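Only one structure is covered here, and it is reproduced in the block below.
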Amino acid sequence: MHEYSQISDEVLCALGAAAGEDNLTLFEPMSAHTTFKIGGPADVVVRPTSTSDVVKVLDTCAIANVPVTVVGNGSDLLVGDRGIRGVVVLLRENLSAISCEGTRVHAEAGALLRDVALAAADAELTGMEPLWGIPATVGGACHMNAGAYDACCADVLESVDVYEPGEPLADGSRARGMVRTYKTADLKMGYRKSRVHDEGLIVLSATFSLAPGNGRMIRVAMDDYQKRREEKQPLEMPSAGSTFKRPEGYFAGKLIMDAGLRGCRVGGAQVSEKHCGFVVNAGGATAADVNGLIEHVQEEVKRQFGVDLEPEVQRIGEF
């Protein structure tokens, strides 16, 4: 076992039986699974290839009292330099099927929001255009109610299928979980939050309800949103997207710029020259660098303007 790992060989065998031994790897750097390109090794990375296998893996971890972290595209994550203890369940290409029926698009949790929007455009369904450039998976988008350009996931989401963890048991483990379907109205979705996040639910798939549209006009709108992103955002550099949530009555990027922090660096982490709302990996950045820069930005904006900036990026693992 890895010097930090607390996962027994028995649990590893059970995980291999649940997801297939070929879908399990040990001590894999999480830098390969985040858009920041930062993160130490995970004890175990599991790639289930069906929703039933996801459930088996999660139940196995619950019964064995092994911590679980679910990761999609890693587009809103900062993983600690010491990595993640326990099991990382990776939901990407291994769980990314998309299908269209009428005005509904059904997608598994690992499907990229971009690919869902493209499938919708091919079916001449409108509603996903503002979201198509968000580098999130369906699971991640539902988890945080991802949004852009005054639109958000909740606007087009009809329902989600989730794994709901079982009740805690006296020995610290959990009972087996259950799969449930929630309508959007029951998900308490708000600005960068949802019941999925608050209650630790794990998205398995989602159904989007769209409207018939003109295929050519849908593509024109998507191209326009993409052009606007390319012009204003540092898409050419590794980042986790917008680093801070929008403070009420302000724009985080403008506050940071006005504080004189454009281009400010801590190690390999830098406030983007192109858009001050983004902290980017300018080369060789560590999680400690990013953390240090985030804290410095928060302190300066608070000192100069009295505004508290809350990080949008989620910090996970050991720092």
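To be explicit about the labels: the chains of the structure tokens are called A, B, and onward in the order shown, and within each one the residues are counted from 1, while ligands get numbers from 1 in the order they are shown.
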
Task: Contacts of Leu235 (chain A) at 12 Å (only C-alpha atoms; same-chain gap of 5+ positions) as a list in words - done: Thr35, Phe36, Ser75, Gly133, Ile134, Pro135, Gln226, Lys227, Arg228, Arg229, Glu230, Ala240, Gly241, Ser242, Ser272, Glu273, Lys274, His275, Phe278, Val279, Val280 and Asn281 of chain A

Give me the residues within 10 Å of Glu10 (chain A) as an mmCIF file with C-alpha atoms, in the first residue's frame, counting only C-alpha atoms and dropping any in the same chain fewer than 5 places off.
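Dumped everything to part_0.cif:
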data_model
loop_
_atom_site.group_PDB
_atom_site.id
_atom_site.type_symbol
_atom_site.label_atom_id
_atom_site.label_comp_id
_atom_site.auth_asym_id
_atom_site.auth_seq_id
_atom_site.Cartn_x
_atom_site.Cartn_y
_atom_site.Cartn_z
ATOM 1 C CA LEU A 15 -13.646 -2.650 -6.033
ATOM 2 C CA GLY A 16 -12.101 -4.662 -8.857
ATOM 3 C CA ALA A 64 -15.979 -0.626 4.027
#

Open item on the list: Using only C-alpha atoms, which protein or nucleic acid residues come within 9 Å of Pro67 (chain A)? Drop anything in the same chain fewer than 3 positions from it, and give the result as a list in words.
Closed with: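 Counting only the stated atoms, we get Cys61, Ala62, Arg85, Gly86, Val87 and Val88 of chain A.
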
Selection file, N, CA and C atoms, as a compact mmCIF listing (two decimals), in the first residue's frame:
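What follows is the written file part.txt:
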# COMPACT_ATOMS: atom_id res chain seq x y z
N CYS A 61 -17.60 1.05 -1.07
CA CYS A 61 -16.88 2.02 -0.24
C CYS A 61 -17.66 2.36 1.03
N ALA A 62 -18.97 2.45 0.90
CA ALA A 62 -19.80 2.78 2.06
C ALA A 62 -19.70 1.69 3.13
N ARG A 85 -6.93 10.89 -0.39
CA ARG A 85 -6.99 9.59 0.28
C ARG A 85 -8.33 8.92 -0.02
N GLY A 86 -8.31 7.61 -0.10
CA GLY A 86 -9.53 6.88 -0.39
C GLY A 86 -9.68 6.63 -1.88
N VAL A 87 -10.93 6.58 -2.31
CA VAL A 87 -11.26 6.21 -3.69
C VAL A 87 -11.77 7.42 -4.46
N VAL A 88 -11.21 7.64 -5.63
CA VAL A 88 -11.75 8.62 -6.57
C VAL A 88 -12.53 7.86 -7.64

TODO: May I have the residues within 6 Å of Val266 (chain A) as an MDAnalysis selection string, using only C-alpha atoms and disregarding those fewer than 3 positions away in the same chain?
DONE: chainID A and resid 269 289 293

Go ahead and save the residues from that selection, with N, CA and C atoms, as a tab-separated table (two decimals), in the first residue's frame.
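Output file result-v2.tsv is given in full below:
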chain	number	residue	atom	x	y	z
A	269	ALA	N	1.42	30.18	-9.89
A	269	ALA	CA	0.03	30.63	-10.00
A	269	ALA	C	-0.02	32.12	-10.27
A	289	ASP	N	0.64	27.06	-4.24
A	289	ASP	CA	0.77	28.35	-4.94
A	289	ASP	C	-0.61	28.97	-5.16
A	293	LEU	N	-2.15	32.41	-3.55
A	293	LEU	CA	-2.59	33.54	-4.37
A	293	LEU	C	-4.05	33.88	-4.09

TODO: Show which residues sit within 12 Å of region 299-301 of chain A, as number ranges by chain. Count only C-alpha atoms, and ignore same-chain residues fewer than 2 positions away.
DONE: A: 244, 247, 250-261, 264, 292-297, 303-310

Please produce an output containing N, CA and C atoms for each residue in the selection, written as a PDB file, in the first residue's frame.
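The result, written out as selection-v4.pdb:
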ATOM      1  N   PHE A 244     -13.557  32.967  -8.295  1.00  0.00           N
ATOM      2  CA  PHE A 244     -14.409  33.451  -7.214  1.00  0.00           C
ATOM      3  C   PHE A 244     -15.857  33.570  -7.662  1.00  0.00           C
ATOM      4  N   PRO A 247     -19.627  38.438  -6.079  1.00  0.00           N
ATOM      5  CA  PRO A 247     -20.166  39.049  -4.858  1.00  0.00           C
ATOM      6  C   PRO A 247     -21.343  39.952  -5.201  1.00  0.00           C
ATOM      7  N   TYR A 250     -21.270  43.398  -7.196  1.00  0.00           N
ATOM      8  CA  TYR A 250     -19.936  43.614  -7.756  1.00  0.00           C
ATOM      9  C   TYR A 250     -19.614  42.525  -8.788  1.00  0.00           C
ATOM     10  N   PHE A 251     -18.482  42.722  -9.471  1.00  0.00           N
ATOM     11  CA  PHE A 251     -17.890  41.686 -10.303  1.00  0.00           C
ATOM     12  C   PHE A 251     -16.512  41.379  -9.739  1.00  0.00           C
ATOM     13  N   ALA A 252     -16.248  40.109  -9.471  1.00  0.00           N
ATOM     14  CA  ALA A 252     -14.984  39.732  -8.839  1.00  0.00           C
ATOM     15  C   ALA A 252     -13.783  40.185  -9.666  1.00  0.00           C
ATOM     16  N   GLY A 253     -13.850  39.963 -10.982  1.00  0.00           N
ATOM     17  CA  GLY A 253     -12.720  40.325 -11.827  1.00  0.00           C
ATOM     18  C   GLY A 253     -12.377  41.799 -11.768  1.00  0.00           C
ATOM     19  N   LYS A 254     -13.392  42.656 -11.747  1.00  0.00           N
ATOM     20  CA  LYS A 254     -13.145  44.103 -11.703  1.00  0.00           C
ATOM     21  C   LYS A 254     -12.561  44.512 -10.350  1.00  0.00           C
ATOM     22  N   LEU A 255     -13.065  43.926  -9.278  1.00  0.00           N
ATOM     23  CA  LEU A 255     -12.509  44.233  -7.961  1.00  0.00           C
ATOM     24  C   LEU A 255     -11.028  43.865  -7.902  1.00  0.00           C
ATOM     25  N   ILE A 256     -10.698  42.710  -8.449  1.00  0.00           N
ATOM     26  CA  ILE A 256      -9.309  42.246  -8.421  1.00  0.00           C
ATOM     27  C   ILE A 256      -8.433  43.148  -9.285  1.00  0.00           C
ATOM     28  N   MET A 257      -8.937  43.539 -10.449  1.00  0.00           N
ATOM     29  CA  MET A 257      -8.198  44.449 -11.323  1.00  0.00           C
ATOM     30  C   MET A 257      -7.996  45.798 -10.646  1.00  0.00           C
ATOM     31  N   ASP A 258      -9.071  46.334 -10.054  1.00  0.00           N
ATOM     32  CA  ASP A 258      -8.989  47.639  -9.398  1.00  0.00           C
ATOM     33  C   ASP A 258      -8.076  47.612  -8.180  1.00  0.00           C
ATOM     34  N   ALA A 259      -7.879  46.434  -7.620  1.00  0.00           N
ATOM     35  CA  ALA A 259      -6.967  46.300  -6.482  1.00  0.00           C
ATOM     36  C   ALA A 259      -5.508  46.238  -6.930  1.00  0.00           C
ATOM     37  N   GLY A 260      -5.284  46.326  -8.244  1.00  0.00           N
ATOM     38  CA  GLY A 260      -3.929  46.319  -8.774  1.00  0.00           C
ATOM     39  C   GLY A 260      -3.288  44.948  -8.812  1.00  0.00           C
ATOM     40  N   LEU A 261      -4.102  43.895  -8.927  1.00  0.00           N
ATOM     41  CA  LEU A 261      -3.590  42.530  -8.832  1.00  0.00           C
ATOM     42  C   LEU A 261      -3.489  41.818 -10.174  1.00  0.00           C
ATOM     43  N   CYS A 264      -0.571  39.360 -10.847  1.00  0.00           N
ATOM     44  CA  CYS A 264       0.064  39.027  -9.571  1.00  0.00           C
ATOM     45  C   CYS A 264       0.356  37.530  -9.511  1.00  0.00           C
ATOM     46  N   GLY A 292      -2.190  30.115  -1.934  1.00  0.00           N
ATOM     47  CA  GLY A 292      -1.554  31.345  -1.460  1.00  0.00           C
ATOM     48  C   GLY A 292      -2.014  32.557  -2.235  1.00  0.00           C
ATOM     49  N   LEU A 293      -2.152  32.414  -3.550  1.00  0.00           N
ATOM     50  CA  LEU A 293      -2.591  33.539  -4.371  1.00  0.00           C
ATOM     51  C   LEU A 293      -4.050  33.882  -4.089  1.00  0.00           C
ATOM     52  N   ILE A 294      -4.908  32.867  -3.943  1.00  0.00           N
ATOM     53  CA  ILE A 294      -6.312  33.109  -3.615  1.00  0.00           C
ATOM     54  C   ILE A 294      -6.425  33.891  -2.302  1.00  0.00           C
ATOM     55  N   GLU A 295      -5.664  33.479  -1.304  1.00  0.00           N
ATOM     56  CA  GLU A 295      -5.718  34.155  -0.002  1.00  0.00           C
ATOM     57  C   GLU A 295      -5.212  35.590  -0.102  1.00  0.00           C
ATOM     58  N   HIS A 296      -4.163  35.798  -0.897  1.00  0.00           N
ATOM     59  CA  HIS A 296      -3.637  37.152  -1.072  1.00  0.00           C
ATOM     60  C   HIS A 296      -4.662  38.055  -1.756  1.00  0.00           C
ATOM     61  N   VAL A 297      -5.309  37.538  -2.784  1.00  0.00           N
ATOM     62  CA  VAL A 297      -6.343  38.303  -3.487  1.00  0.00           C
ATOM     63  C   VAL A 297      -7.491  38.639  -2.536  1.00  0.00           C
ATOM     64  N   ARG A 303      -9.219  44.422   2.114  1.00  0.00           N
ATOM     65  CA  ARG A 303      -8.561  45.604   2.676  1.00  0.00           C
ATOM     66  C   ARG A 303      -8.921  46.865   1.906  1.00  0.00           C
ATOM     67  N   GLN A 304      -8.948  46.760   0.571  1.00  0.00           N
ATOM     68  CA  GLN A 304      -9.159  47.960  -0.233  1.00  0.00           C
ATOM     69  C   GLN A 304     -10.628  48.319  -0.416  1.00  0.00           C
ATOM     70  N   PHE A 305     -11.498  47.312  -0.482  1.00  0.00           N
ATOM     71  CA  PHE A 305     -12.899  47.589  -0.819  1.00  0.00           C
ATOM     72  C   PHE A 305     -13.905  47.069   0.201  1.00  0.00           C
ATOM     73  N   GLY A 306     -13.428  46.335   1.202  1.00  0.00           N
ATOM     74  CA  GLY A 306     -14.337  45.813   2.208  1.00  0.00           C
ATOM     75  C   GLY A 306     -15.257  44.712   1.704  1.00  0.00           C
ATOM     76  N   VAL A 307     -14.868  44.061   0.627  1.00  0.00           N
ATOM     77  CA  VAL A 307     -15.704  43.016   0.030  1.00  0.00           C
ATOM     78  C   VAL A 307     -15.057  41.649   0.253  1.00  0.00           C
ATOM     79  N   ASP A 308     -15.839  40.693   0.707  1.00  0.00           N
ATOM     80  CA  ASP A 308     -15.357  39.328   0.888  1.00  0.00           C
ATOM     81  C   ASP A 308     -15.553  38.543  -0.408  1.00  0.00           C
ATOM     82  N   LEU A 309     -14.464  38.001  -0.946  1.00  0.00           N
ATOM     83  CA  LEU A 309     -14.545  37.151  -2.132  1.00  0.00           C
ATOM     84  C   LEU A 309     -14.586  35.697  -1.682  1.00  0.00           C
ATOM     85  N   GLU A 310     -15.612  34.978  -2.146  1.00  0.00           N
ATOM     86  CA  GLU A 310     -15.754  33.566  -1.811  1.00  0.00           C
ATOM     87  C   GLU A 310     -15.293  32.728  -3.000  1.00  0.00           C
TER      88      GLU A 310
END

Open item on the list: Could you go through region 101-282 of chain A and tell me which residues DSSP, when run on the backbone, assigns to helix (DSSP H, G or I), listing them as a ChimeraX atom specification?
Closed with: /A:113-122,129-131,138-144,153-155,184-186,195-198,215-232,252-258

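For Glu28 (chain A), the residues within 10 Å (counting only C-alpha atoms, excluding itself and residues fewer than 4 positions away along the chain) are Leu24, Ala32, His33, Gly39, Gly40, Pro41, Ala42, Asp43, Val44, Val45, Gly83, Ile84 and Val88 of chain A.
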
Open item on the list: Counting only C-alpha atoms, which residue out of A:Ile38, A:Gly190, A:Arg219, A:Ile63 sits closest to Arg176 (chain A)?
Closed with: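 For Arg176 (chain A), the nearest of the candidates is A:Ile63.
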
Task: DSSP-assigned strand (DSSP E) among region 111-294 of chain A, expressed as JSON, numbers by chain - done: {"A": [125, 126, 147, 148, 151, 152, 157, 158, 159, 160, 161, 162, 163, 164, 178, 179, 180, 181, 182, 183, 202, 203, 204, 205, 206, 207, 208, 209, 211, 212, 265, 266, 269, 270, 271, 279, 280, 281]}

Residues from the last selection, C-alpha atoms, saved as a tab-separated table (two decimals), in the first residue's frame:
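Contents of out14.tsv, freshly written:
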chain	number	residue	atom	x	y	z
A	125	LEU	CA	-33.22	21.66	-30.05
A	126	THR	CA	-32.56	25.04	-28.48
A	147	GLY	CA	-24.03	28.76	-15.56
A	148	ALA	CA	-22.85	31.46	-17.96
A	151	ALA	CA	-28.25	31.18	-18.02
A	152	CYS	CA	-27.78	28.16	-15.78
A	157	LEU	CA	-32.79	20.60	-16.50
A	158	GLU	CA	-35.88	18.42	-16.11
A	159	SER	CA	-34.67	15.71	-13.73
A	160	VAL	CA	-31.63	13.88	-12.40
A	161	ASP	CA	-31.01	10.30	-11.36
A	162	VAL	CA	-28.79	10.23	-8.30
A	163	TYR	CA	-27.17	7.83	-5.88
A	164	GLU	CA	-28.31	8.79	-2.40
A	178	MET	CA	-30.31	3.96	-3.20
A	179	VAL	CA	-30.96	5.38	-6.65
A	180	ARG	CA	-33.59	8.09	-6.81
A	181	THR	CA	-34.95	10.49	-9.42
A	182	TYR	CA	-35.43	14.14	-8.53
A	183	LYS	CA	-37.30	16.73	-10.55
A	202	ILE	CA	-24.04	11.69	-6.72
A	203	VAL	CA	-25.46	12.33	-10.18
A	204	LEU	CA	-25.73	9.27	-12.40
A	205	SER	CA	-27.58	10.85	-15.32
A	206	ALA	CA	-29.77	13.82	-16.19
A	207	THR	CA	-32.59	14.70	-18.56
A	208	PHE	CA	-32.79	18.13	-20.19
A	209	SER	CA	-36.01	19.58	-21.57
A	211	ALA	CA	-37.49	23.44	-27.33
A	212	PRO	CA	-37.58	22.96	-31.10
A	265	ARG	CA	1.93	35.75	-8.95
A	266	VAL	CA	2.65	33.30	-6.19
A	269	ALA	CA	0.03	30.63	-10.00
A	270	GLN	CA	-0.98	33.93	-11.58
A	271	VAL	CA	-3.95	36.27	-11.72
A	279	VAL	CA	-6.26	32.34	-11.46
A	280	VAL	CA	-4.20	30.38	-13.97
A	281	ASN	CA	-1.39	27.86	-13.87
